[in-house]
Structure formats: structure tokens, C-alpha cells
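Participant: my_file.pdb is the file, holding PDB, C-alpha atoms and all ligand atoms:
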```
ATOM      1  CA  MET Z   1     140.395 126.970  99.651
ATOM      2  CA  LYS Z   2     141.077 126.426 103.350
ATOM      3  CA  LYS Z   3     139.143 129.552 104.184
ATOM      4  CA  LEU Z   4     136.277 128.205 102.126
ATOM      5  CA  ILE Z   5     136.288 124.933 104.071
ATOM      6  CA  LEU Z   6     136.423 126.850 107.338
ATOM      7  CA  ALA Z   7     133.457 129.000 106.301
ATOM      8  CA  ALA Z   8     131.512 125.933 105.200
ATOM      9  CA  THR Z   9     132.231 124.197 108.507
ATOM     10  CA  ILE Z  10     131.069 127.206 110.510
ATOM     11  CA  LEU Z  11     127.909 127.419 108.405
ATOM     12  CA  ALA Z  12     127.265 123.739 109.118
ATOM     13  CA  LEU Z  13     127.220 124.293 112.892
ATOM     14  CA  PRO Z  14     123.712 125.792 113.237
ATOM     15  CA  ALA Z  15     122.358 123.145 110.857
ATOM     16  CA  LEU Z  16     123.854 120.423 113.035
ATOM     17  CA  SER Z  17     122.262 121.834 116.177
ATOM     18  CA  HIS Z  18     118.815 121.556 114.579
ATOM     19  CA  ALA Z  19     118.785 118.155 112.900
ATOM     20  CA  ALA Z  20     115.096 117.916 112.026
ATOM     21  CA  VAL Z  21     113.623 114.430 112.103
ATOM     22  CA  PHE Z  22     110.023 115.506 111.417
ATOM     23  CA  THR Z  23     108.284 118.634 110.117
ATOM     24  CA  ASP Z  24     104.648 119.217 109.170
ATOM     25  CA  ASN Z  25     102.899 122.489 108.229
ATOM     26  CA  PHE Z  26      99.638 120.753 107.129
ATOM     27  CA  ASP Z  27      99.622 122.878 103.952
ATOM     28  CA  GLY Z  28      99.474 119.794 101.706
ATOM     29  CA  ASP Z  29      96.540 118.232 103.541
ATOM     30  CA  THR Z  30      92.971 118.327 102.217
ATOM     31  CA  LEU Z  31      90.532 120.806 103.725
ATOM     32  CA  ALA Z  32      87.701 118.956 105.476
ATOM     33  CA  LEU Z  33      85.596 118.909 108.585
ATOM     34  CA  ASN Z  34      86.324 115.717 110.545
ATOM     35  CA  GLN Z  35      89.412 115.042 108.416
ATOM     36  CA  THR Z  36      90.968 111.637 109.143
ATOM     37  CA  THR Z  37      93.755 111.481 106.520
ATOM     38  CA  PHE Z  38      96.968 113.437 107.061
ATOM     39  CA  LEU Z  39     100.144 113.371 104.944
ATOM     40  CA  GLY Z  40     102.176 113.628 108.153
ATOM     41  CA  GLY Z  41     100.928 110.251 109.349
ATOM     42  CA  TRP Z  42      98.677 111.569 112.108
ATOM     43  CA  THR Z  43      95.765 109.528 113.384
ATOM     44  CA  VAL Z  44      92.575 110.808 114.974
ATOM     45  CA  SER Z  45      90.816 108.725 117.601
ATOM     46  CA  SER Z  46      88.097 109.111 120.237
ATOM     47  CA  GLY Z  47      86.520 112.021 118.351
ATOM     48  CA  THR Z  48      87.371 114.337 115.464
ATOM     49  CA  VAL Z  49      89.487 117.303 114.283
ATOM     50  CA  ASP Z  50      89.020 119.633 111.292
ATOM     51  CA  LEU Z  51      91.611 120.636 108.677
ATOM     52  CA  ILE Z  52      90.938 124.297 107.876
ATOM     53  CA  GLY Z  53      92.552 127.414 106.372
ATOM     54  CA  GLN Z  54      93.666 128.502 102.926
ATOM     55  CA  PRO Z  55      91.714 129.164 100.741
ATOM     56  CA  GLY Z  56      88.749 130.619 102.566
ATOM     57  CA  PHE Z  57      87.797 127.666 104.765
ATOM     58  CA  PHE Z  58      87.763 129.145 108.275
ATOM     59  CA  GLU Z  59      90.893 131.016 107.154
ATOM     60  CA  PHE Z  60      91.589 132.880 110.385
ATOM     61  CA  PHE Z  61      95.315 133.269 109.676
ATOM     62  CA  PRO Z  62      96.159 134.100 106.051
ATOM     63  CA  GLY Z  63      99.863 133.319 105.677
ATOM     64  CA  ASN Z  64      99.702 130.161 107.773
ATOM     65  CA  GLY Z  65      98.255 128.108 104.924
ATOM     66  CA  ARG Z  66      96.334 125.229 106.475
ATOM     67  CA  TYR Z  67      96.149 124.113 110.082
ATOM     68  CA  VAL Z  68      94.234 121.841 112.425
ATOM     69  CA  ASP Z  69      91.144 122.795 114.452
ATOM     70  CA  LEU Z  70      91.681 120.419 117.369
ATOM     71  CA  ASP Z  71      87.940 120.118 118.059
ATOM     72  CA  GLY Z  72      86.245 118.643 114.977
ATOM     73  CA  SER Z  73      82.575 118.838 114.094
ATOM     74  CA  THR Z  74      81.052 115.894 115.968
ATOM     75  CA  ARG Z  75      80.888 117.569 119.417
ATOM     76  CA  ASP Z  76      83.759 115.348 120.557
ATOM     77  CA  ALA Z  77      87.356 116.651 120.235
ATOM     78  CA  GLY Z  78      89.598 113.832 119.019
ATOM     79  CA  LEU Z  79      93.047 112.732 120.094
ATOM     80  CA  PHE Z  80      95.402 113.923 117.331
ATOM     81  CA  ASP Z  81      98.522 111.846 117.493
ATOM     82  CA  LYS Z  82     101.367 110.156 115.696
ATOM     83  CA  GLN Z  83     104.174 107.749 116.481
ATOM     84  CA  LEU Z  84     107.696 108.836 115.613
ATOM     85  CA  ALA Z  85     110.751 106.563 115.505
ATOM     86  CA  LEU Z  86     113.529 108.131 117.575
ATOM     87  CA  ALA Z  87     117.105 107.059 118.303
ATOM     88  CA  ALA Z  88     118.362 105.932 121.704
ATOM     89  CA  SER Z  89     119.799 108.262 124.360
ATOM     90  CA  THR Z  90     119.091 111.441 122.419
ATOM     91  CA  GLN Z  91     117.443 114.679 123.473
ATOM     92  CA  TYR Z  92     114.629 115.764 121.154
ATOM     93  CA  ILE Z  93     112.759 119.054 120.991
ATOM     94  CA  LEU Z  94     109.150 119.214 119.838
ATOM     95  CA  SER Z  95     108.178 122.615 118.441
ATOM     96  CA  PHE Z  96     104.617 123.568 117.473
ATOM     97  CA  ASP Z  97     102.413 126.615 116.924
ATOM     98  CA  LEU Z  98      99.138 126.942 118.832
ATOM     99  CA  ALA Z  99      96.511 129.669 118.468
ATOM    100  CA  GLY Z 100      93.183 130.335 120.132
ATOM    101  CA  SER Z 101      90.016 129.268 118.341
ATOM    102  CA  GLN Z 102      89.259 132.835 117.078
ATOM    103  CA  ARG Z 103      85.606 131.939 117.732
ATOM    104  CA  ALA Z 104      84.943 133.274 121.223
ATOM    105  CA  ASP Z 105      85.873 130.432 123.534
ATOM    106  CA  THR Z 106      88.819 129.358 125.609
ATOM    107  CA  ASN Z 107      90.378 125.961 124.911
ATOM    108  CA  ILE Z 108      92.768 123.757 126.824
ATOM    109  CA  VAL Z 109      95.214 121.522 124.943
ATOM    110  CA  ASP Z 110      97.082 118.630 126.532
ATOM    111  CA  VAL Z 111     100.294 117.837 124.653
ATOM    112  CA  ILE Z 112     102.314 114.658 125.093
ATOM    113  CA  PHE Z 113     105.801 114.203 123.647
ATOM    114  CA  GLY Z 114     107.396 110.913 124.659
ATOM    115  CA  THR Z 115     107.662 111.016 128.444
ATOM    116  CA  SER Z 116     106.984 114.764 128.590
ATOM    117  CA  SER Z 117     103.505 116.304 128.930
ATOM    118  CA  GLN Z 118     102.218 119.844 129.241
ATOM    119  CA  THR Z 119      98.879 121.680 129.237
ATOM    120  CA  PHE Z 120      98.266 124.913 127.331
ATOM    121  CA  THR Z 121      95.338 127.314 127.787
ATOM    122  CA  LEU Z 122      94.433 129.342 124.704
ATOM    123  CA  ALA Z 123      92.149 132.371 124.875
ATOM    124  CA  SER Z 124      89.997 132.794 121.782
ATOM    125  CA  ALA Z 125      91.943 135.713 120.286
ATOM    126  CA  ASP Z 126      95.440 134.332 120.960
ATOM    127  CA  PRO Z 127      97.475 134.482 117.722
ATOM    128  CA  PHE Z 128      99.754 131.627 116.677
ATOM    129  CA  ALA Z 129     102.715 131.344 119.052
ATOM    130  CA  THR Z 130     105.516 128.784 119.040
ATOM    131  CA  TYR Z 131     105.911 126.429 122.002
ATOM    132  CA  THR Z 132     108.570 123.816 122.663
ATOM    133  CA  MET Z 133     108.816 120.681 124.784
ATOM    134  CA  SER Z 134     111.734 118.339 125.140
ATOM    135  CA  PHE Z 135     112.629 114.914 126.431
ATOM    136  CA  THR Z 136     115.521 112.466 126.209
ATOM    137  CA  THR Z 137     114.944 108.992 124.835
ATOM    138  CA  ASN Z 138     116.093 105.885 126.610
ATOM    139  CA  ALA Z 139     115.855 103.115 124.022
ATOM    140  CA  ALA Z 140     115.410 103.507 120.274
ATOM    141  CA  ALA Z 141     111.654 103.134 119.773
ATOM    142  CA  ASN Z 142     108.472 104.747 118.519
ATOM    143  CA  TYR Z 143     107.438 107.654 120.720
ATOM    144  CA  GLN Z 144     104.126 109.481 120.881
ATOM    145  CA  ILE Z 145     103.339 113.050 119.862
ATOM    146  CA  SER Z 146      99.747 113.944 120.708
ATOM    147  CA  PHE Z 147      97.417 116.911 121.037
ATOM    148  CA  GLN Z 148      94.085 116.648 122.864
ATOM    149  CA  ASN Z 149      91.703 119.588 123.016
ATOM    150  CA  SER Z 150      89.435 120.015 126.029
ATOM    151  CA  GLY Z 151      87.746 122.997 127.626
ATOM    152  CA  THR Z 152      84.102 123.692 126.831
ATOM    153  CA  PRO Z 153      83.059 120.173 125.877
ATOM    154  CA  GLY Z 154      81.324 119.522 122.597
ATOM    155  CA  ASP Z 155      81.212 123.003 121.092
ATOM    156  CA  ASN Z 156      83.089 122.000 117.890
ATOM    157  CA  ILE Z 157      85.390 125.010 118.387
ATOM    158  CA  GLY Z 158      88.974 124.080 119.119
ATOM    159  CA  ALA Z 159      92.425 125.599 119.469
ATOM    160  CA  LEU Z 160      94.428 125.732 116.217
ATOM    161  CA  LEU Z 161      97.627 123.758 115.557
ATOM    162  CA  ASP Z 162     100.294 124.396 112.905
ATOM    163  CA  ASN Z 163     104.016 123.873 112.158
ATOM    164  CA  VAL Z 164     104.896 120.780 114.157
ATOM    165  CA  SER Z 165     108.555 119.783 114.110
ATOM    166  CA  VAL Z 166     110.892 117.500 116.002
ATOM    167  CA  THR Z 167     114.638 118.123 116.097
ATOM    168  CA  ALA Z 168     117.461 116.177 117.659
ATOM    169  CA  VAL Z 169     119.863 118.023 119.948
ATOM    170  CA  PRO Z 170     123.427 116.925 119.184
ATOM    171  CA  GLU Z 171     125.478 115.422 121.984
ATOM    172  CA  PRO Z 172     128.220 117.589 123.533
ATOM    173  CA  GLU Z 173     130.775 115.163 122.045
ATOM    174  CA  THR Z 174     129.503 116.080 118.574
ATOM    175  CA  TYR Z 175     130.225 119.735 119.272
ATOM    176  CA  ALA Z 176     133.649 118.799 120.661
ATOM    177  CA  LEU Z 177     134.421 116.902 117.447
ATOM    178  CA  MET Z 178     133.238 119.824 115.334
ATOM    179  CA  LEU Z 179     135.340 122.282 117.317
ATOM    180  CA  ALA Z 180     138.368 119.986 117.086
ATOM    181  CA  GLY Z 181     137.777 119.842 113.323
ATOM    182  CA  LEU Z 182     137.604 123.628 113.173
ATOM    183  CA  GLY Z 183     140.836 123.882 115.120
ATOM    184  CA  LEU Z 184     142.617 121.522 112.720
ATOM    185  CA  VAL Z 185     141.367 123.413 109.663
ATOM    186  CA  GLY Z 186     142.378 126.709 111.269
ATOM    187  CA  PHE Z 187     145.830 125.304 112.096
ATOM    188  CA  ALA Z 188     146.266 124.047 108.511
ATOM    189  CA  ALA Z 189     145.174 127.438 107.161
ATOM    190  CA  ARG Z 190     147.664 129.252 109.385
ATOM    191  CA  ARG Z 191     150.502 126.903 108.380
ATOM    192  CA  LYS Z 192     149.775 127.530 104.702
ATOM    193  CA  GLN Z 193     150.052 131.283 105.243
ATOM    194  CA  VAL Z 194     153.503 131.127 106.891
TER
HETATM  195 CA    CA T 201     100.166 125.622 107.863
HETATM  196 CA    CA T 202      85.624 122.433 114.625
HETATM  197 CA    CA T 203      85.952 124.730 122.557
END
```
Represent the supplied structure as C-alpha cells.
Ligand SMILES: [Ca+2]
Ligand SMILES: [Ca+2]
Ligand SMILES: [Ca+2]
Facilitator:
Amino acid sequence: MKKLILAATILALPALSHAAVFTDNFDGDTLALNQTTFLGGWTVSSGTVDLIGQPGFFEFFPGNGRYVDLDGSTRDAGLFDKQLALAASTQYILSFDLAGSQRADTNIVDVIFGTSSQTFTLASADPFATYTMSFTTNAAANYQISFQNSGTPGDNIGALLDNVSVTAVPEPETYALMLAGLGLVGFAARRKQV
């Protein structure tokens, strides 16, 4: 029994280090050019994005289901963004997959996550790759996640976005508590054996 608890506690460690607060693979969203409604609570402003992919709608990456073409079909790439409620004084990691347009142009994507921002350049043929950004909150509040495609303006051909997630990084004290817990369980298990 003690061994079982110990095993369960060890198994719980990786889960604790990746406490997801938001995930979105866009697979449940409706295929459409200039899509404005997203199950993940995204909004599109100052232009448009397309929701493309499986089945057979600009399906460049079978296996990735559906994904976002960050330059819609109105010759004006929109700001794709959402607000996410995050706790105070916590480090968060944003993870997302970006691919090139697969349609013979290079695109630049500006990503903002809370107080962190970064620019990514995607060559047309770039496959989906996972990128991460991180920042630490100050107060508990709504924080921004946004993706803005630029590059060749107004060609309706954007970089592709999939698998957005946000995870909280546990505080060192949490690990200390877990390790202390492990030690106690181990001690109890050893005592039982004697
Ligand atoms: Ca997907
Ligand atoms: Ca498009
Ligand atoms: Ca473009």
C-alpha cells in the first residue's frame, strides 16, 4: 500500500510541473474564411484570420486537424487574441505551434504573452514547430495572448497556428513540499518493513 502511494506521488510530480490553465487545438472550430467565432474565446480585430484544415480545406498538415491561417481573406491580417485570467506572482509558459504558410511566401508573426513579446519569421515550407514564451505575473488579472501576422501585406497568405497552451510553473516551495511528502512516505514505508 505504501509503495503504491509512493508510486502515485512520483507519478503526480510531472503533472504538477505542467498545470495547464488553457489548451486549444482548434479542432472543434468551424472551417471558414474570415472566421470570427472560436470555441477557445479568441477574438479577431483590425482584419481577419481563416480557420482551415481537416477535412480538405487548405489541409496542408493532415494529422494536425484544424488550425488558424493568421492572414485571413480580406487582404488585412487580423489581430488574433484572447484574455486569460492568471493568478498573482506565478510564472506561466505559453506554448504554441507555428508553421510557414505552405503557399510560397515568408510571414512574420508578432506574439504577445502578458509582458513578454517575441517575433517569429516563418519561411513558406517551415513545418509546424513548437515555440514557448514565459512571463511571471504580478497581480492576479486578465493577461493578453495575441498573434499578429505581418510580412508581405495583404496577400491573404499567413503563417499557420495550432496547439496553443498555457501552463503554470509551480513555485519551488511546492516542490519542497512534495519532496518532504515523499520523504515522509518513504520513511513510513521503511519503518513498516523493519
Ligand atoms: Ca489542430
Ligand atoms: Ca488566408
Ligand atoms: Ca503573407
Participant: Taking the file as I've supplied it (selection: the PyMOL selection byres (((chain Z and resi 126-132) around 9) and not hetatm)), which residues are included? Please answer as a list in words.
Facilitator: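 Applying the PyMOL selection byres (((chain Z and resi 126-132) around 9) and not hetatm) to the structure shown produces Phe61, Ile93, Leu94, Ser95, Phe96, Asp97, Leu98, Ala99, Gly100, Ser101, Gln102, Leu122, Ala123, Ser124, Ala125, Met133, Ser134, Leu160, Leu161, Asp162 and Asn163 of chain Z.
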Participant: For each of Z:Asn138, Z:Asn149, Z:Thr36, Z:Ser117, take the minimum atom-to-atom distance to Ala88 (chain Z), counting only C-alpha atoms, then give the residue where this is smallest.
Facilitator: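 Between Z:Asn138, Z:Asn149, Z:Thr36, Z:Ser117, the residue approaching Ala88 (chain Z) most closely is Z:Asn138.
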Participant: Identify, on the basis of all atoms listed in the file, every residue whose closest approach to Ile157 (chain Z) does not exceed 12 Å; exclude the query and any residue fewer than 4 positions from it along the same chain; express the result as a PyMOL selection string.
Facilitator: chain Z and resi 33+48-50+52+58+68-78+100-108+122-124+149-153
Participant: Residues near Ala87 (chain Z), anyone? I mean within 12 Å using all atoms listed in the file, not counting same-chain ones fewer than 6 positions away, as an MDAnalysis selection string.
Facilitator: chainID Z and resid 21 136:143 167:170
Participant: Residues of the last selection are to be written out with C-alpha atoms, as an mmCIF file, in the frame of the given file.
Facilitator:
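The resulting file, result20.cif, is shown below:
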```cif
data_model
loop_
_atom_site.group_PDB
_atom_site.id
_atom_site.type_symbol
_atom_site.label_atom_id
_atom_site.label_comp_id
_atom_site.auth_asym_id
_atom_site.auth_seq_id
_atom_site.Cartn_x
_atom_site.Cartn_y
_atom_site.Cartn_z
ATOM 1 C CA VAL Z 21 113.623 114.430 112.103
ATOM 2 C CA THR Z 136 115.521 112.466 126.209
ATOM 3 C CA THR Z 137 114.944 108.992 124.835
ATOM 4 C CA ASN Z 138 116.093 105.885 126.610
ATOM 5 C CA ALA Z 139 115.855 103.115 124.022
ATOM 6 C CA ALA Z 140 115.410 103.507 120.274
ATOM 7 C CA ALA Z 141 111.654 103.134 119.773
ATOM 8 C CA ASN Z 142 108.472 104.747 118.519
ATOM 9 C CA TYR Z 143 107.438 107.654 120.720
ATOM 10 C CA THR Z 167 114.638 118.123 116.097
ATOM 11 C CA ALA Z 168 117.461 116.177 117.659
ATOM 12 C CA VAL Z 169 119.863 118.023 119.948
ATOM 13 C CA PRO Z 170 123.427 116.925 119.184
#
```
Participant: May I ask which of the residues Z:Leu182, Z:Leu39, Z:Ile145, Z:Ala159 is the closest one to ligand CA 202 (chain T), counting all atoms listed in the file?
Facilitator: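 Going through Z:Leu182, Z:Leu39, Z:Ile145, Z:Ala159 one by one, the smallest distance to ligand CA 202 (chain T) is for Z:Ala159.
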Participant: Distance limit 7 Å, reference ligand CA 201 (chain T), atoms considered: all atoms listed in the file. Which residues make the cut? Give them as a PDB file with C-alpha atoms, in the frame of the given file.
Facilitator:
```pdb
ATOM      1  CA  ASN Z  25     102.899 122.489 108.229  1.00  0.00           C
ATOM      2  CA  PHE Z  26      99.638 120.753 107.129  1.00  0.00           C
ATOM      3  CA  ASP Z  27      99.622 122.878 103.952  1.00  0.00           C
ATOM      4  CA  ASN Z  64      99.702 130.161 107.773  1.00  0.00           C
ATOM      5  CA  GLY Z  65      98.255 128.108 104.924  1.00  0.00           C
ATOM      6  CA  ARG Z  66      96.334 125.229 106.475  1.00  0.00           C
ATOM      7  CA  TYR Z  67      96.149 124.113 110.082  1.00  0.00           C
ATOM      8  CA  ASP Z 162     100.294 124.396 112.905  1.00  0.00           C
ATOM      9  CA  ASN Z 163     104.016 123.873 112.158  1.00  0.00           C
TER      10      ASN Z 163
END
```
Participant: As a check of understanding, name the residues that the PyMOL selection byres (((chain Z and resi 22) around 8) and not hetatm) selects in the supplied structure, as a list of chain:residue names.
Facilitator: Z:Ala20, Z:Val21, Z:Thr23, Z:Asp24, Z:Val164, Z:Ser165, Z:Val166, Z:Thr167
Participant: For Leu79 (chain Z), which of Z:Leu179, Z:Val109, Z:Ala19, Z:Leu31 is the closest residue, counting all atoms listed in the file?
Facilitator: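 Checking each of Z:Leu179, Z:Val109, Z:Ala19, Z:Leu31 against Leu79 (chain Z), counting all atoms listed in the file, the winner is Z:Val109.
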Participant: I want to know what sits within 6 Å of Phe147 (chain Z), based on only C-alpha atoms, with residues of the same chain fewer than 3 positions away left out; could you give that as a PyMOL selection string?
Facilitator: chain Z and resi 80+110-111
Participant: Go ahead and save the residues from that selection, with C-alpha atoms, as a compact mmCIF listing (two decimals), keeping the file's coordinate frame.
Facilitator:
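Listed below is the output, part-v4.txt:
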```
# COMPACT_ATOMS: atom_id res chain seq x y z
CA PHE Z 80 95.40 113.92 117.33
CA ASP Z 110 97.08 118.63 126.53
CA VAL Z 111 100.29 117.84 124.65
```
Participant: Which residue, Z:Tyr92, Z:Phe38, Z:Phe135, Z:Phe57, has the smallest gap to ligand CA 202 (chain T) when you use only C-alpha atoms and all ligand atoms?
Facilitator: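 Looking at the shortest contact to ligand CA 202 (chain T), the residue is Z:Phe57.
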Participant: Nearest to Gly28 (chain Z): which of Z:Gly40, Z:Ser116, Z:Thr121, Z:Gly158 is it, counting only C-alpha atoms?
Facilitator: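 Distance minimum relative to Gly28 (chain Z) lands on Z:Gly40.
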Participant: Using Å and a single decimal, report how far CA of Gly181 (chain Z) sits from CA of Ser89 (chain Z).
Facilitator: 24.1 Å
Participant: Could you work out how far CA of Gln54 (chain Z) lies from CA of Ser146 (chain Z), giving the answer in Å with one decimal?
Facilitator: 23.8 Å
Participant: With distances taken over all atoms listed in the file, which of Z:Gln35, Z:Gln144, Z:Gln91, Z:Gln118 is nearest to ligand CA 202 (chain T)?
Facilitator: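 With all atoms listed in the file as the atom set, the closest residue is Z:Gln35.
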Participant: Measure the distance from CA of Thr90 (chain Z) to CA of Gly183 (chain Z) in Å and round it to one decimal.
Facilitator: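 Distance reported for this atom pair: 26.1 Å.
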Participant: Can you report as lines of an AutoDock Vina configuration file the centre and edge lengths in Å, to one decimal, of an axis-aligned box around the listed atoms of region 85-93 of chain Z padded with 6 Å on each side?
Facilitator:
```
center_x = 115.3
center_y = 112.5
center_z = 119.9
size_x = 21.0
size_y = 25.1
size_z = 20.9
```
